[in-house]
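S.K.: As input, take structure-v4.cif (mmCIF, C-alpha atoms):
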data_start
#
loop_
_atom_site.label_atom_id
_atom_site.label_comp_id
_atom_site.auth_asym_id
_atom_site.auth_seq_id
_atom_site.Cartn_x
_atom_site.Cartn_y
_atom_site.Cartn_z
CA MET T 1 -30.56 -30.85 10.06
CA ALA T 2 -27.83 -30.40 12.66
CA ARG T 3 -25.23 -29.63 10.00
CA ALA T 4 -27.55 -27.13 8.33
CA ALA T 5 -28.01 -25.38 11.66
CA GLU T 6 -24.24 -25.31 12.22
CA ARG T 7 -23.55 -23.38 9.00
CA PRO T 8 -25.30 -20.11 10.02
CA ALA T 9 -23.64 -20.31 13.43
CA ALA T 10 -20.20 -20.80 11.87
CA GLN T 11 -20.85 -17.93 9.48
CA ALA T 12 -21.88 -15.68 12.38
CA ARG T 13 -18.67 -16.55 14.26
CA ALA T 14 -16.57 -15.82 11.17
CA GLU T 15 -18.31 -12.47 10.68
CA ALA T 16 -17.79 -11.56 14.34
CA HIS T 17 -14.11 -12.50 14.05
CA ALA T 18 -13.69 -10.33 10.95
CA ASP T 19 -15.54 -7.45 12.61
CA ARG T 20 -13.19 -7.48 15.60
CA ALA T 21 -10.17 -7.51 13.29
CA ARG T 22 -11.59 -4.48 11.47
CA ARG T 23 -12.09 -2.71 14.81
CA PHE T 24 -8.41 -3.17 15.66
CA MET T 25 -7.36 -1.88 12.24
CA LYS T 26 -9.71 1.09 12.54
CA SER T 27 -8.27 1.94 15.96
CA ALA T 28 -4.72 1.75 14.62
CA LEU T 29 -5.74 3.97 11.70
CA THR T 30 -7.25 6.53 14.08
CA ILE T 31 -4.07 6.65 16.16
CA LEU T 32 -2.00 7.04 12.99
CA GLY T 33 -4.22 9.88 11.83
CA GLU T 34 -3.79 11.69 15.12
CA THR T 35 -0.04 11.22 15.56
CA GLY T 36 1.52 10.24 12.23
CA ARG T 37 3.57 7.70 14.16
CA THR T 38 3.64 3.92 14.34
CA ASP T 39 5.35 3.62 17.73
CA PHE T 40 2.05 3.16 19.54
CA THR T 41 1.59 0.02 21.62
CA VAL T 42 -0.76 -2.91 21.33
CA LEU T 43 -2.31 -1.78 24.61
CA GLU T 44 -3.17 1.61 23.10
CA VAL T 45 -4.92 -0.12 20.21
CA VAL T 46 -6.81 -2.37 22.61
CA GLU T 47 -7.92 0.54 24.77
CA ARG T 48 -8.99 2.56 21.75
CA SER T 49 -11.03 -0.35 20.37
CA LYS T 50 -12.59 -1.08 23.80
CA THR T 51 -11.68 -4.75 23.63
CA SER T 52 -9.11 -6.92 25.42
CA LEU T 53 -5.54 -8.03 24.95
CA ARG T 54 -6.78 -11.60 24.72
CA SER T 55 -9.06 -10.64 21.84
CA PHE T 56 -6.24 -8.79 20.07
CA TYR T 57 -3.91 -11.79 20.22
CA GLN T 58 -6.64 -14.02 18.85
CA HIS T 59 -6.39 -11.96 15.66
CA PHE T 60 -2.81 -10.69 15.47
CA SER T 61 0.32 -12.10 17.07
CA THR T 62 2.18 -8.75 16.91
CA LYS T 63 1.65 -5.09 16.13
CA ASP T 64 3.55 -5.70 12.88
CA GLU T 65 0.87 -8.15 11.78
CA LEU T 66 -1.84 -5.61 12.57
CA LEU T 67 -0.14 -2.88 10.53
CA LEU T 68 0.60 -5.33 7.73
CA ALA T 69 -3.11 -6.21 7.57
CA LEU T 70 -3.97 -2.50 7.54
CA ILE T 71 -1.52 -1.76 4.71
CA ASP T 72 -2.78 -4.84 2.85
CA LYS T 73 -6.34 -3.52 2.97
CA ILE T 74 -5.34 0.00 1.92
CA MET T 75 -3.09 -1.23 -0.90
CA ALA T 76 -5.67 -3.67 -2.27
CA GLU T 77 -8.43 -1.05 -2.32
CA SER T 78 -6.16 1.65 -3.75
CA THR T 79 -4.77 -0.59 -6.49
CA GLN T 80 -8.27 -1.56 -7.53
CA ARG T 81 -9.14 2.12 -7.97
CA TRP T 82 -5.89 2.87 -9.78
CA ARG T 83 -6.45 -0.01 -12.19
CA ALA T 84 -9.89 1.34 -13.06
CA ASP T 85 -8.43 4.83 -13.52
CA VAL T 86 -5.80 3.74 -16.06
CA ASP T 87 -7.92 1.20 -17.89
CA GLY T 88 -7.88 1.94 -21.62
CA LEU T 89 -4.93 4.36 -21.48
CA ALA T 90 -1.83 3.81 -23.61
CA GLY T 91 1.35 2.64 -21.84
CA PRO T 92 3.06 6.00 -21.17
CA ALA T 93 -0.21 7.75 -20.30
CA ALA T 94 -1.24 4.89 -18.01
CA LEU T 95 2.10 4.95 -16.20
CA GLN T 96 2.00 8.72 -15.79
CA SER T 97 -1.58 8.60 -14.51
CA LEU T 98 -0.73 5.85 -12.01
CA ILE T 99 2.31 7.69 -10.67
CA GLU T 100 0.34 10.93 -10.33
CA ARG T 101 -2.38 9.14 -8.36
CA ILE T 102 0.07 7.41 -6.04
CA THR T 103 1.98 10.62 -5.35
CA THR T 104 -0.97 13.01 -5.06
CA PRO T 105 -0.62 14.93 -1.76
CA ALA T 106 -3.10 13.99 0.95
CA ALA T 107 -6.34 15.96 0.97
CA SER T 108 -6.32 16.40 4.76
CA SER T 109 -3.87 16.61 7.63
CA THR T 110 -5.26 13.35 9.01
CA GLN T 111 -4.64 11.50 5.77
CA ASP T 112 -1.18 13.07 5.53
CA SER T 113 -0.37 11.74 9.00
CA ILE T 114 -1.55 8.26 8.01
CA ASN T 115 0.44 8.32 4.78
CA ARG T 116 3.57 9.58 6.52
CA GLY T 117 3.39 7.01 9.29
CA LEU T 118 2.81 4.05 7.00
CA THR T 119 5.37 5.19 4.42
CA PHE T 120 8.16 5.19 6.97
CA TYR T 121 6.96 1.91 8.48
CA ASN T 122 7.30 0.14 5.14
CA ASP T 123 11.05 -0.30 5.58
CA HIS T 124 10.53 -2.01 8.91
CA LEU T 125 7.95 -4.41 7.47
CA ALA T 126 10.21 -5.18 4.51
CA GLU T 127 12.87 -6.26 7.03
CA SER T 128 10.70 -8.01 9.62
CA LEU T 129 8.09 -9.66 7.36
CA PRO T 130 9.58 -9.63 3.83
CA ARG T 131 7.50 -12.44 2.35
CA GLU T 132 4.23 -11.12 3.74
CA TYR T 133 5.09 -7.55 2.76
CA ALA T 134 5.89 -8.67 -0.80
CA ARG T 135 2.44 -10.28 -0.95
CA VAL T 136 0.87 -6.96 0.09
CA LEU T 137 2.71 -5.14 -2.72
CA ALA T 138 1.93 -7.81 -5.33
CA PRO T 139 -1.27 -6.14 -6.71
CA LEU T 140 0.59 -2.87 -7.43
CA HIS T 141 3.52 -4.77 -8.93
CA GLU T 142 1.10 -6.66 -11.16
CA LEU T 143 -0.63 -3.45 -12.27
CA ILE T 144 2.66 -1.82 -13.26
CA GLY T 145 3.64 -5.01 -15.09
CA ASP T 146 0.36 -4.96 -17.02
CA ILE T 147 0.99 -1.32 -18.00
CA LEU T 148 4.48 -2.24 -19.23
CA ARG T 149 3.21 -5.21 -21.21
CA GLY T 150 0.52 -3.05 -22.80
CA GLY T 151 3.11 -0.43 -23.76
CA ILE T 152 5.41 -3.08 -25.23
CA ALA T 153 2.58 -4.59 -27.27
CA ALA T 154 1.66 -1.15 -28.63
CA GLY T 155 5.29 -0.36 -29.49
CA SER T 156 5.57 2.64 -27.16
CA PHE T 157 7.88 0.82 -24.72
CA ARG T 158 11.04 -1.04 -25.66
CA SER T 159 10.55 -4.72 -26.39
CA ASP T 160 13.67 -5.83 -24.49
CA ILE T 161 12.36 -4.74 -21.07
CA ASP T 162 12.43 -7.33 -18.29
CA VAL T 163 8.86 -6.67 -17.19
CA GLN T 164 8.99 -8.24 -13.72
CA CYS T 165 12.23 -6.57 -12.64
CA THR T 166 11.35 -3.23 -14.23
CA ALA T 167 7.93 -3.22 -12.57
CA ALA T 168 9.58 -3.85 -9.19
CA LEU T 169 12.10 -1.04 -9.77
CA ILE T 170 9.40 1.43 -10.82
CA MET T 171 7.23 0.48 -7.84
CA GLN T 172 10.11 0.96 -5.41
CA SER T 173 11.14 4.21 -7.09
CA VAL T 174 7.63 5.64 -6.75
CA LEU T 175 7.06 4.49 -3.17
CA GLY T 176 10.54 5.52 -2.07
CA ALA T 177 10.46 8.89 -3.79
CA MET T 178 7.32 9.86 -1.90
CA ARG T 179 9.61 10.55 1.06
CA LEU T 180 11.45 13.14 -0.98
CA ARG T 181 8.52 15.55 -1.08
CA SER T 182 9.98 17.41 1.88
CA LEU T 183 13.59 16.31 1.56
CA GLY T 184 13.66 17.44 -2.07
CA VAL T 185 13.08 21.01 -0.95
CA GLU T 186 16.15 20.84 1.24
CA LEU T 187 18.27 19.18 -1.45
CA ASN T 188 17.37 21.16 -4.54
CA GLY T 189 14.98 23.91 -3.48
CA ALA T 190 11.83 22.27 -4.85
CA PRO T 191 9.72 19.27 -3.84
CA ILE T 192 9.92 16.11 -5.92
CA ASP T 193 6.47 15.39 -7.37
CA GLY T 194 4.79 12.86 -9.64
CA GLU T 195 5.96 14.60 -12.80
CA HIS T 196 9.62 14.28 -11.77
CA ILE T 197 9.16 10.63 -10.80
CA TYR T 198 7.41 9.79 -14.08
CA ALA T 199 10.13 11.48 -16.14
CA PHE T 200 12.77 9.48 -14.28
CA CYS T 201 10.95 6.15 -14.66
CA VAL T 202 9.88 6.50 -18.30
CA ARG T 203 13.27 7.63 -19.61
CA GLY T 204 14.54 4.05 -19.93
CA LEU T 205 11.26 2.63 -21.22
CA LEU T 206 10.37 4.55 -24.35
CA SER T 207 11.10 3.03 -27.73
CA PRO T 208 13.51 5.06 -29.86
CA PRO T 209 11.78 7.09 -32.61
CA SER T 210 11.53 5.42 -35.98
CA PRO T 211 14.11 6.67 -38.50
CA VAL T 212 12.67 8.99 -41.10
#
Would you mind writing the structure in this file as structure tokens?

M.R.:
Amino acid sequence: MARAAERPAAQARAEAHADRARRFMKSALTILGETGRTDFTVLEVVERSKTSLRSFYQHFSTKDELLLALIDKIMAESTQRWRADVDGLAGPAALQSLIERITTPAASSTQDSINRGLTFYNDHLAESLPREYARVLAPLHELIGDILRGGIAAGSFRSDIDVQCTAALIMQSVLGAMRLRSLGVELNGAPIDGEHIYAFCVRGLLSPPSPV
């Protein structure tokens, strides 16, 4: 009986722990939406979430870990939606659809601030927490790999593609090129959008046309 009574209590503690972690992530997201910057302090997050420093450090050892958890949540949810969006599409169409969805401009200034802040923080996380950051990107890498394998099986993509490496290169190209939306205007007079990125990525993938 005692053990049965302990289970609901343990579940309640776990739920409370997860709820506090979500509060910290929500506070960080709010600050990002307001400023577009990731140079806020742990104290700012704590004050915004109306908790304590002690509580914060029970969940995250650093601000990097907090932002990594936030990006992990966003990436997992986004990749799940993207996978549903491209399900059933042929290889080239699936890749084009995925790239267009990833690179679609934000629908609001708040979302644009969040995207901008996290995009430029990615480099820092790749340096400071490379293994953990790779785990966060793994669902997107897997989705691109599945698209490539589907295209190879259908004959629309070349059969000699190294799927794992190519998926990583496409993923980095797409995520990195998102920064060029503004810079592209300065470099060549026009922003770089999803269509440009898709054309660049697919050029080395397509199977040559069959001889007549």

S.K.: Restrict the calculation to all atoms listed in the file, then for each residue of region 116-171 of chain T with any atom at most 8 Å from an atom of region 25-43 of chain T give the closest atom pair and their distance in Å to one decimal, rows by chain and rising residue number, as JSON lines.

M.R.:
{"residue": "T:Arg116", "atom": "CA", "partner": "T:Gly36", "partner_atom": "CA", "distance": 6.1}
{"residue": "T:Gly117", "atom": "CA", "partner": "T:Gly36", "partner_atom": "CA", "distance": 4.8}
{"residue": "T:Leu118", "atom": "CA", "partner": "T:Thr38", "partner_atom": "CA", "distance": 7.4}
{"residue": "T:Tyr121", "atom": "CA", "partner": "T:Thr38", "partner_atom": "CA", "distance": 7.0}

S.K.: Assuming the chain letters and numbering stay as they are in my file, what does the PyMOL selection byres ((chain T and resi 68-83) around 9) actually select? List them as a ChimeraX atom specification.

M.R.: /T:22,25-26,28-29,63-67,84-87,97-98,101-102,118,125,129,132-133,135-137,139-140,143

S.K.: With the file shown as input, list the residues that the PyMOL selection byres ((chain T and resi 197-211) around 6) selects, as a PyMOL selection string.

M.R.: chain T and resi 96+156-158+194-196+212

S.K.: For CA of Ala168 (chain T) and CA of Leu148 (chain T), determine how far apart the two atoms are, in Å to one decimal place.

M.R.: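 That distance, rounded to one decimal, is 11.4 Å.
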
S.K.: Could you check which of T:Leu187, T:Glu100, T:Phe60, T:Glu47 is closest to Ala18 (chain T), using only C-alpha atoms?

M.R.: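 Nearest candidate to Ala18 (chain T) out of T:Leu187, T:Glu100, T:Phe60, T:Glu47: T:Phe60.
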
S.K.: What does the distance between CA of Ser61 (chain T) and CA of Ser113 (chain T) come to in Å, to one decimal place?

M.R.: 25.2 Å

S.K.: Distance CA of Leu169 (chain T)-CA of Gly88 (chain T), one decimal place?

M.R.: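 Distance between the two atoms: 23.4 Å.
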
S.K.: Take the PyMOL selection byres ((chain T and resi 55) around 10), apply it to the structure above, and return the hits as a ChimeraX atom specification.

M.R.: /T:17,20-21,24,46,51-54,56-60

S.K.: Considering only C-alpha atoms, return as a list in words whatever protein or nucleic-acid residues lie within 6 Å of region 89-91 of chain T, sequence-local ones (same chain, fewer than 5 positions apart) excluded.

M.R.: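 Within the cut-off, the hits are Ile147, Gly150 and Gly151 of chain T.
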
S.K.: Just the selected residues (C-alpha atoms), exported as a PDB file, in the frame of the given file, please.

M.R.:
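To be explicit, this is the file written out as selection-v2.pdb:
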ATOM      1  CA  ILE T 147       0.990  -1.320 -18.000  1.00  0.00           C
ATOM      2  CA  GLY T 150       0.520  -3.050 -22.800  1.00  0.00           C
ATOM      3  CA  GLY T 151       3.110  -0.430 -23.760  1.00  0.00           C
TER       4      GLY T 151
END

S.K.: Output region 66-83 of chain T from the block with N, CA, C and O atoms, as a PDB file, in the first residue's frame?

M.R.:
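What landed in result-v9.pdb:
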ATOM      1  N   LEU T  66      19.618  25.969 -20.745  1.00  0.00           N
ATOM      2  CA  LEU T  66      18.239  26.446 -20.886  1.00  0.00           C
ATOM      3  C   LEU T  66      17.898  26.679 -22.352  1.00  0.00           C
ATOM      4  O   LEU T  66      16.865  26.211 -22.845  1.00  0.00           O
ATOM      5  N   LEU T  67      18.766  27.399 -23.074  1.00  0.00           N
ATOM      6  CA  LEU T  67      18.491  27.692 -24.474  1.00  0.00           C
ATOM      7  C   LEU T  67      18.564  26.435 -25.333  1.00  0.00           C
ATOM      8  O   LEU T  67      17.816  26.295 -26.299  1.00  0.00           O
ATOM      9  N   LEU T  68      19.433  25.511 -24.968  1.00  0.00           N
ATOM     10  CA  LEU T  68      19.496  24.242 -25.689  1.00  0.00           C
ATOM     11  C   LEU T  68      18.179  23.485 -25.531  1.00  0.00           C
ATOM     12  O   LEU T  68      17.650  22.931 -26.500  1.00  0.00           O
ATOM     13  N   ALA T  69      17.634  23.468 -24.312  1.00  0.00           N
ATOM     14  CA  ALA T  69      16.350  22.806 -24.073  1.00  0.00           C
ATOM     15  C   ALA T  69      15.232  23.486 -24.856  1.00  0.00           C
ATOM     16  O   ALA T  69      14.343  22.821 -25.398  1.00  0.00           O
ATOM     17  N   LEU T  70      15.289  24.811 -24.941  1.00  0.00           N
ATOM     18  CA  LEU T  70      14.278  25.559 -25.693  1.00  0.00           C
ATOM     19  C   LEU T  70      14.368  25.233 -27.183  1.00  0.00           C
ATOM     20  O   LEU T  70      13.344  24.957 -27.831  1.00  0.00           O
ATOM     21  N   ILE T  71      15.585  25.241 -27.734  1.00  0.00           N
ATOM     22  CA  ILE T  71      15.764  24.908 -29.147  1.00  0.00           C
ATOM     23  C   ILE T  71      15.367  23.460 -29.407  1.00  0.00           C
ATOM     24  O   ILE T  71      14.780  23.133 -30.445  1.00  0.00           O
ATOM     25  N   ASP T  72      15.685  22.583 -28.473  1.00  0.00           N
ATOM     26  CA  ASP T  72      15.317  21.164 -28.599  1.00  0.00           C
ATOM     27  C   ASP T  72      13.806  21.017 -28.741  1.00  0.00           C
ATOM     28  O   ASP T  72      13.315  20.300 -29.614  1.00  0.00           O
ATOM     29  N   LYS T  73      13.063  21.717 -27.904  1.00  0.00           N
ATOM     30  CA  LYS T  73      11.598  21.648 -27.946  1.00  0.00           C
ATOM     31  C   LYS T  73      11.069  22.207 -29.262  1.00  0.00           C
ATOM     32  O   LYS T  73      10.211  21.596 -29.918  1.00  0.00           O
ATOM     33  N   ILE T  74      11.585  23.362 -29.668  1.00  0.00           N
ATOM     34  CA  ILE T  74      11.127  23.987 -30.908  1.00  0.00           C
ATOM     35  C   ILE T  74      11.452  23.104 -32.109  1.00  0.00           C
ATOM     36  O   ILE T  74      10.613  22.890 -32.991  1.00  0.00           O
ATOM     37  N   MET T  75      12.673  22.562 -32.152  1.00  0.00           N
ATOM     38  CA  MET T  75      13.097  21.749 -33.282  1.00  0.00           C
ATOM     39  C   MET T  75      12.300  20.453 -33.362  1.00  0.00           C
ATOM     40  O   MET T  75      11.892  20.030 -34.454  1.00  0.00           O
ATOM     41  N   ALA T  76      12.054  19.814 -32.224  1.00  0.00           N
ATOM     42  CA  ALA T  76      11.302  18.560 -32.223  1.00  0.00           C
ATOM     43  C   ALA T  76       9.873  18.782 -32.717  1.00  0.00           C
ATOM     44  O   ALA T  76       9.360  18.013 -33.546  1.00  0.00           O
ATOM     45  N   GLU T  77       9.231  19.831 -32.219  1.00  0.00           N
ATOM     46  CA  GLU T  77       7.853  20.110 -32.635  1.00  0.00           C
ATOM     47  C   GLU T  77       7.786  20.523 -34.103  1.00  0.00           C
ATOM     48  O   GLU T  77       6.887  20.097 -34.837  1.00  0.00           O
ATOM     49  N   SER T  78       8.745  21.339 -34.536  1.00  0.00           N
ATOM     50  CA  SER T  78       8.753  21.798 -35.929  1.00  0.00           C
ATOM     51  C   SER T  78       9.000  20.638 -36.876  1.00  0.00           C
ATOM     52  O   SER T  78       8.333  20.507 -37.910  1.00  0.00           O
ATOM     53  N   THR T  79       9.970  19.792 -36.542  1.00  0.00           N
ATOM     54  CA  THR T  79      10.298  18.665 -37.427  1.00  0.00           C
ATOM     55  C   THR T  79       9.129  17.704 -37.547  1.00  0.00           C
ATOM     56  O   THR T  79       8.885  17.141 -38.623  1.00  0.00           O
ATOM     57  N   GLN T  80       8.392  17.526 -36.472  1.00  0.00           N
ATOM     58  CA  GLN T  80       7.210  16.672 -36.534  1.00  0.00           C
ATOM     59  C   GLN T  80       6.190  17.226 -37.516  1.00  0.00           C
ATOM     60  O   GLN T  80       5.603  16.483 -38.313  1.00  0.00           O
ATOM     61  N   ARG T  81       5.991  18.540 -37.509  1.00  0.00           N
ATOM     62  CA  ARG T  81       5.064  19.163 -38.453  1.00  0.00           C
ATOM     63  C   ARG T  81       5.590  19.060 -39.878  1.00  0.00           C
ATOM     64  O   ARG T  81       4.835  18.753 -40.814  1.00  0.00           O
ATOM     65  N   TRP T  82       6.885  19.317 -40.042  1.00  0.00           N
ATOM     66  CA  TRP T  82       7.466  19.259 -41.388  1.00  0.00           C
ATOM     67  C   TRP T  82       7.372  17.853 -41.965  1.00  0.00           C
ATOM     68  O   TRP T  82       7.103  17.678 -43.145  1.00  0.00           O
ATOM     69  N   ARG T  83       7.586  16.852 -41.137  1.00  0.00           N
ATOM     70  CA  ARG T  83       7.496  15.471 -41.623  1.00  0.00           C
ATOM     71  C   ARG T  83       6.080  15.169 -42.102  1.00  0.00           C
ATOM     72  O   ARG T  83       5.893  14.531 -43.143  1.00  0.00           O
TER      73      ARG T  83
END
